[in-house]
Each structure stands twice: as C-alpha cells, then as structure tokens.
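A short worksheet on the structure shown next.
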Amino acid sequence: MVGPGVKRQDPGMSPAGPPSRRDLVLGLGLGLGVGVGVGVGVGLGGALTAGCGRERAGRDGRAAGPGDAVAGSASPAPDAVGSAAPAPAAASPPAPPPPSAGDAIRGPDDARFPSFTGADGAAITRRPIPSTGELLPAIGLGSWPTFDVGPDEVEGVLPVVAHFLARGGRVIDSSPMYGQAEAAIGRMLAAVRAAEPTAPDAFVATKVWTSGERAGREQMERSMRRLGVSRLDLMQIHNLLDWKVHLKTLRAWKEAGRFRYLGVTHYQHGAFAELEQLVRRERLDFVQLPYSVADRAAEARLLPAAAAAGVAVLVMQPFDSGALFRRVRGKPLPPVAAELGCSSWAQLFLVWLLGHPAVTCPIPATSRVAHLLDNMGALTARVPDAAQRAAIVRAVEA
Ligand SMILES: NC(=O)c1ccc[n+]([C@@H]2O[C@H](COP(=O)([O-])OP(=O)(O)OC[C@H]3O[C@@H](n4cnc5c(N)ncnc54)[C@H](OP(=O)(O)O)[C@@H]3O)[C@@H](O)[C@H]2O)c1
C-alpha cells in the first residue's frame, strides 16, 4: 500500500476507457453540472466536476491532516501501522452541515439528474448478512487513501460515491485512521441526499482505532458526527486494537440501537489466528480481512470459520492494493471472462472473490469514476464456479 503524500501509480486502465463528461453528467444522478455547488448546503464549493482521472496534485500536496500523525509521507499506509499503533489525538474537523430542505439543486425535469431507480432494476449480486438475513449488494467501496480529502477537495471524489450509489452499491468502509475520510464521506452522502432525495442510503461502516474505553467512546462519537449519522450500520474494531475493551462498548451501543452491526478487522496474516478465535467465540456480525487472487491465506481457516459461525465477510485489498493490476498488465483476458460476462481484469478479480461462499462484500477503493464503473460491473457479472475460479487463478499466474 502507498501512504499519503506518495503519488500512487495508476495500476491499470479500465478497458472501457473513461466515460465522457456527458455520460458522467447523465449517469451520475447527482448534479455534476450544477455549475456551482453552493446551493447544496454541504459546503461543496465550486463546480462539481467528474472525478475520473482527476489530478492528484491536491492530495499529494495537501496540508497535513489528522491522519498524518501516524501516516506521514515517509510512513507506511495507516493500515500497515498495525495494532500496536496508538491513536492520534486527532483534531476534529467540523462535522458536515446537514442538507437544508430549501437547498434543492435540481428541478424534477432536470435531465442531468436521472433517478437512482435504474440501477435497482438490474439483477445484481447480493449477499445476506448471516446474523439477520439482510441483503447487501456484493460490491462495496473502501476509502483509504482515496477519500482522505479536505472540504475543498471533496468535489473531486464526490462523483465516485454518487456513481457507486446509482449503480446499486451500498457498503462504504472507513476508519478514523484514514485522515479526513470519514468527514469527506459525511459530506458526500449529504450532497447526494440533497441532490437526489430518492437516492438509497449507504450502508456506512467505520472502525474504532484507539486504546481505552473512554477514548474509544469519544472516537466513535466523533466518527458518527463526521459521517453525519445518528445510527451507524457497522462499527468494527480496527486491527483488533484493545478489542476486549471495545467489544463491550460495541455490544452495549448495538443493544442501545446506536450500531446495527459490529465486527473486527485485521490486515495481517499473523493476526488470522486471533481473528479466527474471535469469529468462533464472540458472536460477531462481520469480520474484515484481506483476500484476493494474489493473497489466498484466508482460505485455510478464517473463511471457513466465518462461514461456520455465520459471520459476514468484508474483503479489504481485493486487488492486493493495486498490485494485481501490475501483475496482469499487458495480458489478454482469459476465455473465462466472456463466460462470466466480465470485460476487465478488475471484474474478474472481484467475481473470483464472490465465488467463495463465505465472502459477503469486497470493498475496493478507487478515486476514479472510470474504475468505479468498471468495478461495479462485477455486480451484474456471473459468479464463477470452482473450475472457473481455478481458470482465473491460472490466467493470473501464467
Ligand atoms: N485493517 C483494515 O481494516 C484495512 C486494511 C487495509 C484496507 N482496508 C480497507 O479496504 C479498502 C480497500 O483496500 P485497498 O485500498 O488497500 O486496496 P484495493 O482496493 O485492493 O486496491 C486499490 C487500488 O486499486 C486501484 N483500482 C481500483 N479499481 C481499479 C480498476 N477498476 N482498474 C484499475 N485499478 C483500480 C486503485 O487505484 P485508483 O484510485 O487509481 O482507481 C488503487 O490503487 C481500503 O480502502 C480500506 O477501506 C482496511
């Protein structure tokens, strides 16, 4: 993974190519043509232009944010800091102001803002959360480092979130570890709601990443304020940091209706044994773990444990943090792609994950609309059987 301040190389291009500006405006269902964003009541100044292929100079040259305390340009990415890292005493950026009812930014006949119902009509792969049976669209959205942007830069990634929701996506994952990502997500979701009141709600997941009960409570309150929610869909204990303490709070807050689901995450193979113990013993709703064609360690014990215990699985690093694209660069798609209705390697990597019965929802991260649209294509592709999964692995490893 690449830390903030490091210019990440584009690991691959969508074969579909970037959509035209017209496609973006018509397909977004939000208002990337509103000219000015001042009316949305979410603090998005300036034209809301499409983020496809946006310049990243803003990110690379941004002022230090809260996450910089643990993830400066010379440091590993936040998630690589591991469970031993103390939480930074992050200054709380102002919570996103709620949208105002008087701030409608579109008229009912405005062709720039088609409704969100189109994507819902398509047959998309959904997976149940085992603990309740609630169905989730099986492709989600990560937020590190892509959404670690300040208020002035949110407009650059807002189209990614708007397209994600318009294409049937729901699960958005964040963490207080990810700099300004929670506040950016709060602003973007408020902007989408203001522009398109019929837009479906996101399923918002974040994490607690600090030590001590009081610090955990304070951090979780802050995260919910930043995300603009009074009830969170999923709270996870990030990298198992101080999990015994936080799990008690998570259970109490879930009981009180403040969280709908609770879970744990870790990114390291060395933590899989402990993750497995928690999955088996602690009545979790979710576990988040790394899994991809390039990293199949979770198959040995953790995924079977999650399936046996009825724990939903969010998959972090589904593209091995982008390394998979470098691995297949220049390689033609294998014949199995056509069988599955996949038009890119990204879609193959994602449906390969969905071919494992324990997987609920991979959460790829992107800051580019073209890549987002590419990834969402996996929602309508066929899910591979064991032989087709093996063919995908062979094609990647050939
Ligand atoms: N401990 C934890 O709990 C933990 C640890 C790690 C990650 N996570 C979560 O998991 C999420 C995903 O992990 P990740 O971001 O490390 O890795 P990832 O999703 O496997 O890979 C992201 C990389 O793939 C590129 N990409 C995305 N879609 C593409 C496409 N269609 N074609 C070509 N390139 C594409 C992105 O670049 P572009 O931006 O240019 O598209 C980026 O470089 C994180 O954002 C975070 O929310 C959690």
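Each chain in the structure tokens gets a letter, A, B and so on, in the order shown; residues start at 1 in every chain, and ligands are counted from 1 in the order they appear.
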
As a quick test: using only C-alpha atoms and all ligand atoms, which residues lie no more than 7 Å away from ligand 1? Give them as JSON, numbers by chain. {"A": [1, 8, 10, 11, 12, 13, 14, 79, 141, 142, 143, 144, 145, 146, 173, 174, 238, 239, 265, 266, 267, 288, 315, 316, 317, 318, 319, 320, 321, 322, 325, 346, 363, 364, 365, 366, 367, 368, 371, 372, 374, 375]}

Please provide as a list of chain:residue names all residues within 7 Å of A:Leu227, with the sequence filter that same-chain residues fewer than 2 positions apart are discarded (counting only C-alpha atoms).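 Returned residues: A:Glu182, A:Ala183, A:Ile185, A:Gly186, A:Ser223, A:Met224, A:Arg225, A:Val229.
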
Keeping only N, CA and C atoms, write the selected residues to a file as a PDB file, in the first residue's frame.
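After the write, part.pdb holds the following:
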ATOM      1  N   GLU A 182     -13.605  10.058   6.933  1.00  0.00           N
ATOM      2  CA  GLU A 182     -14.966   9.988   7.493  1.00  0.00           C
ATOM      3  C   GLU A 182     -15.730  11.283   7.217  1.00  0.00           C
ATOM      4  N   ALA A 183     -15.086  12.406   7.458  1.00  0.00           N
ATOM      5  CA  ALA A 183     -15.768  13.695   7.225  1.00  0.00           C
ATOM      6  C   ALA A 183     -16.082  13.871   5.740  1.00  0.00           C
ATOM      7  N   ILE A 185     -16.723  11.482   3.595  1.00  0.00           N
ATOM      8  CA  ILE A 185     -17.873  10.605   3.285  1.00  0.00           C
ATOM      9  C   ILE A 185     -19.159  11.258   3.784  1.00  0.00           C
ATOM     10  N   GLY A 186     -19.115  11.823   4.988  1.00  0.00           N
ATOM     11  CA  GLY A 186     -20.297  12.520   5.511  1.00  0.00           C
ATOM     12  C   GLY A 186     -20.740  13.630   4.577  1.00  0.00           C
ATOM     13  N   SER A 223     -16.599   9.909  15.129  1.00  0.00           N
ATOM     14  CA  SER A 223     -16.762   9.299  13.800  1.00  0.00           C
ATOM     15  C   SER A 223     -18.195   9.445  13.302  1.00  0.00           C
ATOM     16  N   MET A 224     -19.164   9.225  14.203  1.00  0.00           N
ATOM     17  CA  MET A 224     -20.563   9.309  13.779  1.00  0.00           C
ATOM     18  C   MET A 224     -20.937  10.746  13.415  1.00  0.00           C
ATOM     19  N   ARG A 225     -20.389  11.693  14.182  1.00  0.00           N
ATOM     20  CA  ARG A 225     -20.633  13.108  13.815  1.00  0.00           C
ATOM     21  C   ARG A 225     -20.053  13.402  12.441  1.00  0.00           C
ATOM     22  N   VAL A 229     -24.187  10.548  10.829  1.00  0.00           N
ATOM     23  CA  VAL A 229     -25.208   9.538  11.156  1.00  0.00           C
ATOM     24  C   VAL A 229     -25.452   9.521  12.659  1.00  0.00           C
TER      25      VAL A 229
END

Using only C-alpha atoms: which of A:Leu354, A:Ile129, A:Ala138, A:Leu379 has the shortest distance to A:Ala306: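 Under the stated criterion, the closest residue is A:Ile129.
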
To one decimal place, how far is atom CA of A:Leu289 from atom CA of A:Glu221 in Å?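 Those two atoms sit 24.6 Å apart.
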
May I ask which of the residues A:Leu158, A:Val171, A:Met188, A:Val351 is the closest one to A:Leu135, counting only C-alpha atoms?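 Checking each of A:Leu158, A:Val171, A:Met188, A:Val351 against A:Leu135, counting only C-alpha atoms, the winner is A:Val171.
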
All helix (DSSP H, G or I) positions in stretch 230-297 of chain A, as JSON, numbers by chain: {"A": [238, 239, 240, 243, 244, 245, 246, 247, 248, 249, 250, 251, 252, 253, 254, 255, 269, 270, 271, 272, 273, 274, 275, 276, 277, 278, 279, 280, 281, 297]}

For the selection you just gave me, I'd like the residues written to a file as an mmCIF file, in the first residue's frame, keeping C-alpha atoms.
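New file out19.cif:
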data_model
loop_
_atom_site.group_PDB
_atom_site.id
_atom_site.type_symbol
_atom_site.label_atom_id
_atom_site.label_comp_id
_atom_site.auth_asym_id
_atom_site.auth_seq_id
_atom_site.Cartn_x
_atom_site.Cartn_y
_atom_site.Cartn_z
ATOM 1 C CA HIS A 238 -9.652 -1.789 13.690
ATOM 2 C CA ASN A 239 -6.705 -4.192 13.675
ATOM 3 C CA LEU A 240 -8.052 -5.679 16.930
ATOM 4 C CA TRP A 243 -10.548 -5.309 21.342
ATOM 5 C CA LYS A 244 -11.543 -6.699 24.738
ATOM 6 C CA VAL A 245 -12.345 -3.211 25.970
ATOM 7 C CA HIS A 246 -14.071 -2.003 22.800
ATOM 8 C CA LEU A 247 -16.148 -5.114 22.237
ATOM 9 C CA LYS A 248 -18.053 -4.428 25.481
ATOM 10 C CA THR A 249 -18.856 -0.909 24.314
ATOM 11 C CA LEU A 250 -19.809 -2.102 20.846
ATOM 12 C CA ARG A 251 -22.225 -4.633 22.315
ATOM 13 C CA ALA A 252 -23.767 -2.035 24.612
ATOM 14 C CA TRP A 253 -24.166 0.503 21.792
ATOM 15 C CA LYS A 254 -25.613 -2.117 19.487
ATOM 16 C CA GLU A 255 -28.081 -3.066 22.213
ATOM 17 C CA HIS A 269 -1.741 -12.931 8.285
ATOM 18 C CA GLY A 270 -0.102 -13.013 11.701
ATOM 19 C CA ALA A 271 -3.396 -11.902 13.230
ATOM 20 C CA PHE A 272 -5.545 -14.509 11.465
ATOM 21 C CA ALA A 273 -5.407 -16.991 14.361
ATOM 22 C CA GLU A 274 -6.713 -14.363 16.777
ATOM 23 C CA LEU A 275 -9.321 -13.196 14.260
ATOM 24 C CA GLU A 276 -10.444 -16.791 13.913
ATOM 25 C CA GLN A 277 -10.829 -17.176 17.680
ATOM 26 C CA LEU A 278 -12.986 -14.056 17.810
ATOM 27 C CA VAL A 279 -15.058 -15.168 14.842
ATOM 28 C CA ARG A 280 -15.723 -18.519 16.500
ATOM 29 C CA ARG A 281 -16.398 -17.266 20.035
ATOM 30 C CA ALA A 297 -4.187 -17.174 3.072
#

For A:Pro128: contacts at 10 Å, only C-alpha atoms, fewer than 6 positions along chain excluded, given as a list of chain:residue names: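 Counting only C-alpha atoms, the residues come to A:Glu134, A:Leu135, A:Leu136, A:Pro137, A:Ala138, A:Ala312, A:Thr360, A:Cys361.
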
Export of the given selection (C-alpha atoms) as a compact mmCIF listing (two decimals), in the first residue's frame:
# COMPACT_ATOMS: atom_id res chain seq x y z
CA GLU A 134 -30.39 -8.53 5.43
CA LEU A 135 -29.19 -8.45 1.83
CA LEU A 136 -26.23 -6.32 0.79
CA PRO A 137 -25.10 -5.55 -2.77
CA ALA A 138 -21.93 -7.61 -3.05
CA ALA A 312 -20.34 -11.80 7.23
CA THR A 360 -20.15 -11.12 1.58
CA CYS A 361 -18.70 -7.95 0.07

Long-range neighbours of stretch 327-334 of chain A as a PyMOL selection string, 7 Å cut-off, only C-alpha atoms, 3 positions minimum in chain: chain A and resi 12+323-324+337+345+395-396

Those residues with C-alpha atoms, as an mmCIF file, in the first residue's frame please?
data_model
loop_
_atom_site.group_PDB
_atom_site.id
_atom_site.type_symbol
_atom_site.label_atom_id
_atom_site.label_comp_id
_atom_site.auth_asym_id
_atom_site.auth_seq_id
_atom_site.Cartn_x
_atom_site.Cartn_y
_atom_site.Cartn_z
ATOM 1 C CA GLY A 12 -4.238 -0.295 -14.681
ATOM 2 C CA ALA A 323 -0.584 -4.944 -7.205
ATOM 3 C CA LEU A 324 -2.814 -7.356 -9.119
ATOM 4 C CA ALA A 337 -14.015 -13.671 -18.732
ATOM 5 C CA TRP A 345 -9.393 -7.868 -15.048
ATOM 6 C CA ALA A 395 -4.574 -16.871 -16.012
ATOM 7 C CA VAL A 396 -3.149 -14.516 -13.402
#

Between atom CA of A:Pro151 and atom CA of A:Pro362, distance in Å (one decimal): 27.2 Å

Skip A:Asp233 itself and residues of its chain fewer than 3 positions away, then list as a short mmCIF file (atom, residue, chain, number, x, y, z; two decimals) with C-alpha atoms, in the first residue's frame all residues within 8 Å of it, counting only C-alpha atoms.
data_model
loop_
_atom_site.label_atom_id
_atom_site.label_comp_id
_atom_site.auth_asym_id
_atom_site.auth_seq_id
_atom_site.Cartn_x
_atom_site.Cartn_y
_atom_site.Cartn_z
CA PHE A 203 -24.55 1.12 4.48
CA VAL A 204 -21.92 3.03 6.44
CA ALA A 205 -19.13 1.13 8.17
CA PHE A 259 -24.96 0.47 15.79
CA ARG A 260 -26.79 -2.09 13.70
CA TYR A 261 -23.85 -4.48 13.42
#

Write out as a ChimeraX atom specification all residues of stretch 272-310 of chain A that backbone DSSP assigns to strand (DSSP E). /A:286-290

Now that the selection is made, can you save its residues with C-alpha atoms as an mmCIF file, in the first residue's frame?
data_model
loop_
_atom_site.group_PDB
_atom_site.id
_atom_site.type_symbol
_atom_site.label_atom_id
_atom_site.label_comp_id
_atom_site.auth_asym_id
_atom_site.auth_seq_id
_atom_site.Cartn_x
_atom_site.Cartn_y
_atom_site.Cartn_z
ATOM 1 C CA PHE A 286 -18.775 -9.063 10.493
ATOM 2 C CA VAL A 287 -15.105 -9.776 10.037
ATOM 3 C CA GLN A 288 -12.986 -7.750 7.599
ATOM 4 C CA LEU A 289 -9.889 -9.446 6.179
ATOM 5 C CA PRO A 290 -7.516 -9.325 3.202
#

Interatomic distance, atom CA of A:Met177 to atom CA of A:Ala370 (Å, one decimal):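 Going from atom CA of A:Met177 over to atom CA of A:Ala370, I get 26.4 Å.
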
Could you check which of A:Gly216, A:Gly377, A:Gly140, A:Gly355 is closest to A:Ile392, using only C-alpha atoms?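 Residue with the minimum atom-to-atom distance to A:Ile392: A:Gly355.
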
Determine the nearest neighbour of A:Gly168 from the options A:Leu314, A:Ala386, A:Ala123, A:Val208, counting only C-alpha atoms.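 Of all the options, A:Ala123 lies closest to A:Gly168.
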